Amino acid sequence: MEKKFYTLLVYSENIAGILNQITAVFTRRQVNIESLNVSASSIEGLHKYTITAWSDPDQIEKITRQIEKKIDVVKAKFYTDDQLFIRETGLYKLSTQTVLDNPNVSRIVRHYDAQIIEVNPTYVAVMKSGVTEDIVALYKALNEFDCVLQYTRSGRIAITRSTEEEVSAFLDQRQTEHDNG
């Protein structure tokens with residue numbers, strides 16, 4: 001079966017050890033996590049894990065079900081890129097001397113709509129937000145000038161294209177069942 005790139009959105013209570021439990025599901029199935037971002041969600045008391053991985057449909061469904069069975073996980077669902085709004089951030093540290101000596105470096109930074117966030121005698125710090133392909137393309141373009149001193153890319157952050165947070169509907173349903181139970 002052909003592998004596709006998936007993004008899992010997992011909501012859990014902020015409990016020590018839950019990250020280890022979630023990543024262990026991937027390890028047991030020998031699926032490599034490409035990126036992982038954890039932060040507070042829009043719902044008080046819940047954290048959101050944005051996890052990306054290459055997998056086949058059957059395997060990603062099993063992984064998602066296993067994660068959702070964890071006692072502290074509230075909701076887990078996988079998505080393809082067309083179902084999400086996706087962003088990452090790239091940070092680039094460039095040689096100030098090369099930037100000053102070659103105006104094409106600054107043109108490339110502007111062409112990719114990146115921001116210069118600091119300039120000092122040693123380096124120029126540049127930030128680019130966008131999709132992975134654009135962030136990597138800027139790195140490759142800058143690297144041709146042999147001016148990149150450091151480069152890093154954040155993990156993916158994502159929100160669904162649906163009109164409401166799916167976990168909100170799940171929590172509302174759970175609360176109704178609790179109140180009626």
# chains A, B, ... in the order shown; residues from 1 in each chain; ligands from 1
$ select_by_dssp --residues "range 4-176 of chain A" --states "alpha helix (DSSP H)" --output "ChimeraX atom specification"
/A:18-28,57-69,96-101,103-111,132-143,166-176
$ closest_residue --among "A:Gly17, A:Asn102, A:Lys3, A:Val10" --to "Arg65 in chain A" --atoms "only C-alpha atoms"
A:Val10
$ residues_around --residues "Leu9 in chain A" --least-positions-apart "2" --cutoff "6 Å" --atoms "only C-alpha atoms" --output "number ranges by chain"
A: 49-50, 76-77
$ closest_atom_pairs --of "range 10-96 of chain A" --to "range 121-127 of chain A" --cutoff "10 Å" --atoms "only C-alpha atoms" --output "CSV"
residue,atom,partner,partner_atom,distance
A:Thr89,CA,A:Met127,CA,6.9
A:Gly90,CA,A:Met127,CA,5.7
A:Leu91,CA,A:Met127,CA,4.7
A:Tyr92,CA,A:Val126,CA,5.1
A:Lys93,CA,A:Ala125,CA,4.6
A:Leu94,CA,A:Val124,CA,5.0
A:Ser95,CA,A:Tyr123,CA,4.7
A:Thr96,CA,A:Tyr123,CA,4.5
$ decode --residues "range 76-90 of chain A" --atoms "all heavy atoms" --output "PDB file, in the first residue's frame"
ATOM      1  N   ALA A  76      -8.512  12.152  19.138  1.00  0.00           N
ATOM      2  CA  ALA A  76      -7.423  12.045  18.167  1.00  0.00           C
ATOM      3  C   ALA A  76      -8.044  11.837  16.797  1.00  0.00           C
ATOM      4  O   ALA A  76      -8.996  11.071  16.651  1.00  0.00           O
ATOM      5  CB  ALA A  76      -6.497  10.883  18.511  1.00  0.00           C
ATOM      6  N   LYS A  77      -7.526  12.523  15.807  1.00  0.00           N
ATOM      7  CA  LYS A  77      -8.032  12.374  14.444  1.00  0.00           C
ATOM      8  C   LYS A  77      -6.896  12.682  13.475  1.00  0.00           C
ATOM      9  O   LYS A  77      -6.063  13.539  13.740  1.00  0.00           O
ATOM     10  CB  LYS A  77      -9.206  13.323  14.204  1.00  0.00           C
ATOM     11  CG  LYS A  77      -9.899  13.063  12.893  1.00  0.00           C
ATOM     12  CD  LYS A  77     -11.250  13.724  12.803  1.00  0.00           C
ATOM     13  CE  LYS A  77     -11.850  13.378  11.438  1.00  0.00           C
ATOM     14  NZ  LYS A  77     -13.083  14.029  11.198  1.00  0.00           N
ATOM     15  N   PHE A  78      -6.882  11.960  12.351  1.00  0.00           N
ATOM     16  CA  PHE A  78      -5.852  12.215  11.350  1.00  0.00           C
ATOM     17  C   PHE A  78      -6.452  12.940  10.151  1.00  0.00           C
ATOM     18  O   PHE A  78      -7.649  12.840   9.875  1.00  0.00           O
ATOM     19  CB  PHE A  78      -5.155  10.921  10.910  1.00  0.00           C
ATOM     20  CG  PHE A  78      -6.040   9.947  10.191  1.00  0.00           C
ATOM     21  CD1 PHE A  78      -6.173   9.998   8.812  1.00  0.00           C
ATOM     22  CD2 PHE A  78      -6.738   8.969  10.886  1.00  0.00           C
ATOM     23  CE1 PHE A  78      -6.984   9.095   8.139  1.00  0.00           C
ATOM     24  CE2 PHE A  78      -7.547   8.069  10.235  1.00  0.00           C
ATOM     25  CZ  PHE A  78      -7.674   8.129   8.851  1.00  0.00           C
ATOM     26  N   TYR A  79      -5.589  13.680   9.454  1.00  0.00           N
ATOM     27  CA  TYR A  79      -6.007  14.506   8.326  1.00  0.00           C
ATOM     28  C   TYR A  79      -4.969  14.435   7.213  1.00  0.00           C
ATOM     29  O   TYR A  79      -3.796  14.175   7.473  1.00  0.00           O
ATOM     30  CB  TYR A  79      -6.130  15.984   8.744  1.00  0.00           C
ATOM     31  CG  TYR A  79      -7.128  16.230   9.841  1.00  0.00           C
ATOM     32  CD1 TYR A  79      -6.756  16.155  11.179  1.00  0.00           C
ATOM     33  CD2 TYR A  79      -8.450  16.539   9.547  1.00  0.00           C
ATOM     34  CE1 TYR A  79      -7.674  16.382  12.191  1.00  0.00           C
ATOM     35  CE2 TYR A  79      -9.378  16.772  10.550  1.00  0.00           C
ATOM     36  CZ  TYR A  79      -8.976  16.685  11.873  1.00  0.00           C
ATOM     37  OH  TYR A  79      -9.880  16.912  12.875  1.00  0.00           O
ATOM     38  N   THR A  80      -5.417  14.737   6.008  1.00  0.00           N
ATOM     39  CA  THR A  80      -4.499  14.968   4.901  1.00  0.00           C
ATOM     40  C   THR A  80      -4.352  16.484   4.752  1.00  0.00           C
ATOM     41  O   THR A  80      -5.143  17.257   5.306  1.00  0.00           O
ATOM     42  CB  THR A  80      -5.019  14.338   3.597  1.00  0.00           C
ATOM     43  OG1 THR A  80      -6.341  14.834   3.349  1.00  0.00           O
ATOM     44  CG2 THR A  80      -5.048  12.819   3.698  1.00  0.00           C
ATOM     45  N   ASP A  81      -3.337  16.911   4.020  1.00  0.00           N
ATOM     46  CA  ASP A  81      -3.037  18.341   3.932  1.00  0.00           C
ATOM     47  C   ASP A  81      -4.198  19.178   3.398  1.00  0.00           C
ATOM     48  O   ASP A  81      -4.364  20.325   3.805  1.00  0.00           O
ATOM     49  CB  ASP A  81      -1.799  18.573   3.057  1.00  0.00           C
ATOM     50  CG  ASP A  81      -0.512  18.216   3.782  1.00  0.00           C
ATOM     51  OD1 ASP A  81      -0.574  17.778   4.955  1.00  0.00           O
ATOM     52  OD2 ASP A  81       0.567  18.377   3.177  1.00  0.00           O
ATOM     53  N   ASP A  82      -5.008  18.624   2.507  1.00  0.00           N
ATOM     54  CA  ASP A  82      -6.110  19.401   1.938  1.00  0.00           C
ATOM     55  C   ASP A  82      -7.233  19.669   2.948  1.00  0.00           C
ATOM     56  O   ASP A  82      -8.103  20.497   2.702  1.00  0.00           O
ATOM     57  CB  ASP A  82      -6.673  18.721   0.684  1.00  0.00           C
ATOM     58  CG  ASP A  82      -7.250  17.348   0.967  1.00  0.00           C
ATOM     59  OD1 ASP A  82      -6.689  16.623   1.816  1.00  0.00           O
ATOM     60  OD2 ASP A  82      -8.260  16.995   0.339  1.00  0.00           O
ATOM     61  N   GLN A  83      -7.195  19.038   4.094  1.00  0.00           N
ATOM     62  CA  GLN A  83      -8.212  19.227   5.128  1.00  0.00           C
ATOM     63  C   GLN A  83      -7.783  20.224   6.204  1.00  0.00           C
ATOM     64  O   GLN A  83      -8.521  20.460   7.144  1.00  0.00           O
ATOM     65  CB  GLN A  83      -8.528  17.886   5.799  1.00  0.00           C
ATOM     66  CG  GLN A  83      -9.101  16.856   4.839  1.00  0.00           C
ATOM     67  CD  GLN A  83      -9.195  15.485   5.492  1.00  0.00           C
ATOM     68  OE1 GLN A  83      -8.199  14.926   5.957  1.00  0.00           O
ATOM     69  NE2 GLN A  83     -10.402  14.953   5.538  1.00  0.00           N
ATOM     70  N   LEU A  84      -6.595  20.812   6.041  1.00  0.00           N
ATOM     71  CA  LEU A  84      -6.021  21.653   7.087  1.00  0.00           C
ATOM     72  C   LEU A  84      -5.470  22.966   6.541  1.00  0.00           C
ATOM     73  O   LEU A  84      -5.097  23.053   5.375  1.00  0.00           O
ATOM     74  CB  LEU A  84      -4.864  20.912   7.770  1.00  0.00           C
ATOM     75  CG  LEU A  84      -5.155  19.595   8.456  1.00  0.00           C
ATOM     76  CD1 LEU A  84      -3.859  18.885   8.799  1.00  0.00           C
ATOM     77  CD2 LEU A  84      -5.992  19.826   9.698  1.00  0.00           C
ATOM     78  N   PHE A  85      -5.380  23.951   7.422  1.00  0.00           N
ATOM     79  CA  PHE A  85      -4.554  25.127   7.205  1.00  0.00           C
ATOM     80  C   PHE A  85      -3.257  24.824   7.948  1.00  0.00           C
ATOM     81  O   PHE A  85      -3.282  24.512   9.141  1.00  0.00           O
ATOM     82  CB  PHE A  85      -5.195  26.391   7.790  1.00  0.00           C
ATOM     83  CG  PHE A  85      -6.417  26.848   7.064  1.00  0.00           C
ATOM     84  CD1 PHE A  85      -7.665  26.689   7.643  1.00  0.00           C
ATOM     85  CD2 PHE A  85      -6.322  27.438   5.815  1.00  0.00           C
ATOM     86  CE1 PHE A  85      -8.807  27.114   6.976  1.00  0.00           C
ATOM     87  CE2 PHE A  85      -7.458  27.858   5.144  1.00  0.00           C
ATOM     88  CZ  PHE A  85      -8.704  27.692   5.723  1.00  0.00           C
ATOM     89  N   ILE A  86      -2.134  24.926   7.253  1.00  0.00           N
ATOM     90  CA  ILE A  86      -0.856  24.469   7.792  1.00  0.00           C
ATOM     91  C   ILE A  86       0.169  25.595   7.725  1.00  0.00           C
ATOM     92  O   ILE A  86       0.244  26.312   6.729  1.00  0.00           O
ATOM     93  CB  ILE A  86      -0.319  23.282   6.959  1.00  0.00           C
ATOM     94  CG1 ILE A  86      -1.317  22.139   6.976  1.00  0.00           C
ATOM     95  CG2 ILE A  86       1.049  22.851   7.430  1.00  0.00           C
ATOM     96  CD1 ILE A  86      -1.092  21.129   5.872  1.00  0.00           C
ATOM     97  N   ARG A  87       0.969  25.707   8.781  1.00  0.00           N
ATOM     98  CA  ARG A  87       2.079  26.653   8.790  1.00  0.00           C
ATOM     99  C   ARG A  87       3.242  26.079   9.581  1.00  0.00           C
ATOM    100  O   ARG A  87       3.071  25.298  10.503  1.00  0.00           O
ATOM    101  CB  ARG A  87       1.682  28.004   9.405  1.00  0.00           C
ATOM    102  CG  ARG A  87       0.758  28.820   8.531  1.00  0.00           C
ATOM    103  CD  ARG A  87       1.475  29.259   7.251  1.00  0.00           C
ATOM    104  NE  ARG A  87       0.626  29.969   6.348  1.00  0.00           N
ATOM    105  CZ  ARG A  87       0.002  29.429   5.303  1.00  0.00           C
ATOM    106  NH1 ARG A  87       0.080  28.148   5.053  1.00  0.00           N
ATOM    107  NH2 ARG A  87      -0.719  30.159   4.495  1.00  0.00           N
ATOM    108  N   GLU A  88       4.435  26.522   9.194  1.00  0.00           N
ATOM    109  CA  GLU A  88       5.676  26.257   9.912  1.00  0.00           C
ATOM    110  C   GLU A  88       6.461  27.556   9.895  1.00  0.00           C
ATOM    111  O   GLU A  88       6.123  28.484   9.163  1.00  0.00           O
ATOM    112  CB  GLU A  88       6.514  25.179   9.210  1.00  0.00           C
ATOM    113  CG  GLU A  88       5.947  23.802   9.265  1.00  0.00           C
ATOM    114  CD  GLU A  88       6.845  22.760   8.600  1.00  0.00           C
ATOM    115  OE1 GLU A  88       8.036  23.060   8.333  1.00  0.00           O
ATOM    116  OE2 GLU A  88       6.364  21.659   8.359  1.00  0.00           O
ATOM    117  N   THR A  89       7.526  27.597  10.668  1.00  0.00           N
ATOM    118  CA  THR A  89       8.420  28.750  10.670  1.00  0.00           C
ATOM    119  C   THR A  89       9.842  28.266  10.452  1.00  0.00           C
ATOM    120  O   THR A  89      10.252  27.260  11.031  1.00  0.00           O
ATOM    121  CB  THR A  89       8.325  29.511  12.012  1.00  0.00           C
ATOM    122  OG1 THR A  89       6.981  29.966  12.179  1.00  0.00           O
ATOM    123  CG2 THR A  89       9.252  30.704  12.033  1.00  0.00           C
ATOM    124  N   GLY A  90      10.554  28.988   9.615  1.00  0.00           N
ATOM    125  CA  GLY A  90      11.967  28.717   9.400  1.00  0.00           C
ATOM    126  C   GLY A  90      12.783  29.887   9.921  1.00  0.00           C
ATOM    127  O   GLY A  90      12.391  31.046   9.757  1.00  0.00           O
TER     128      GLY A  90
END
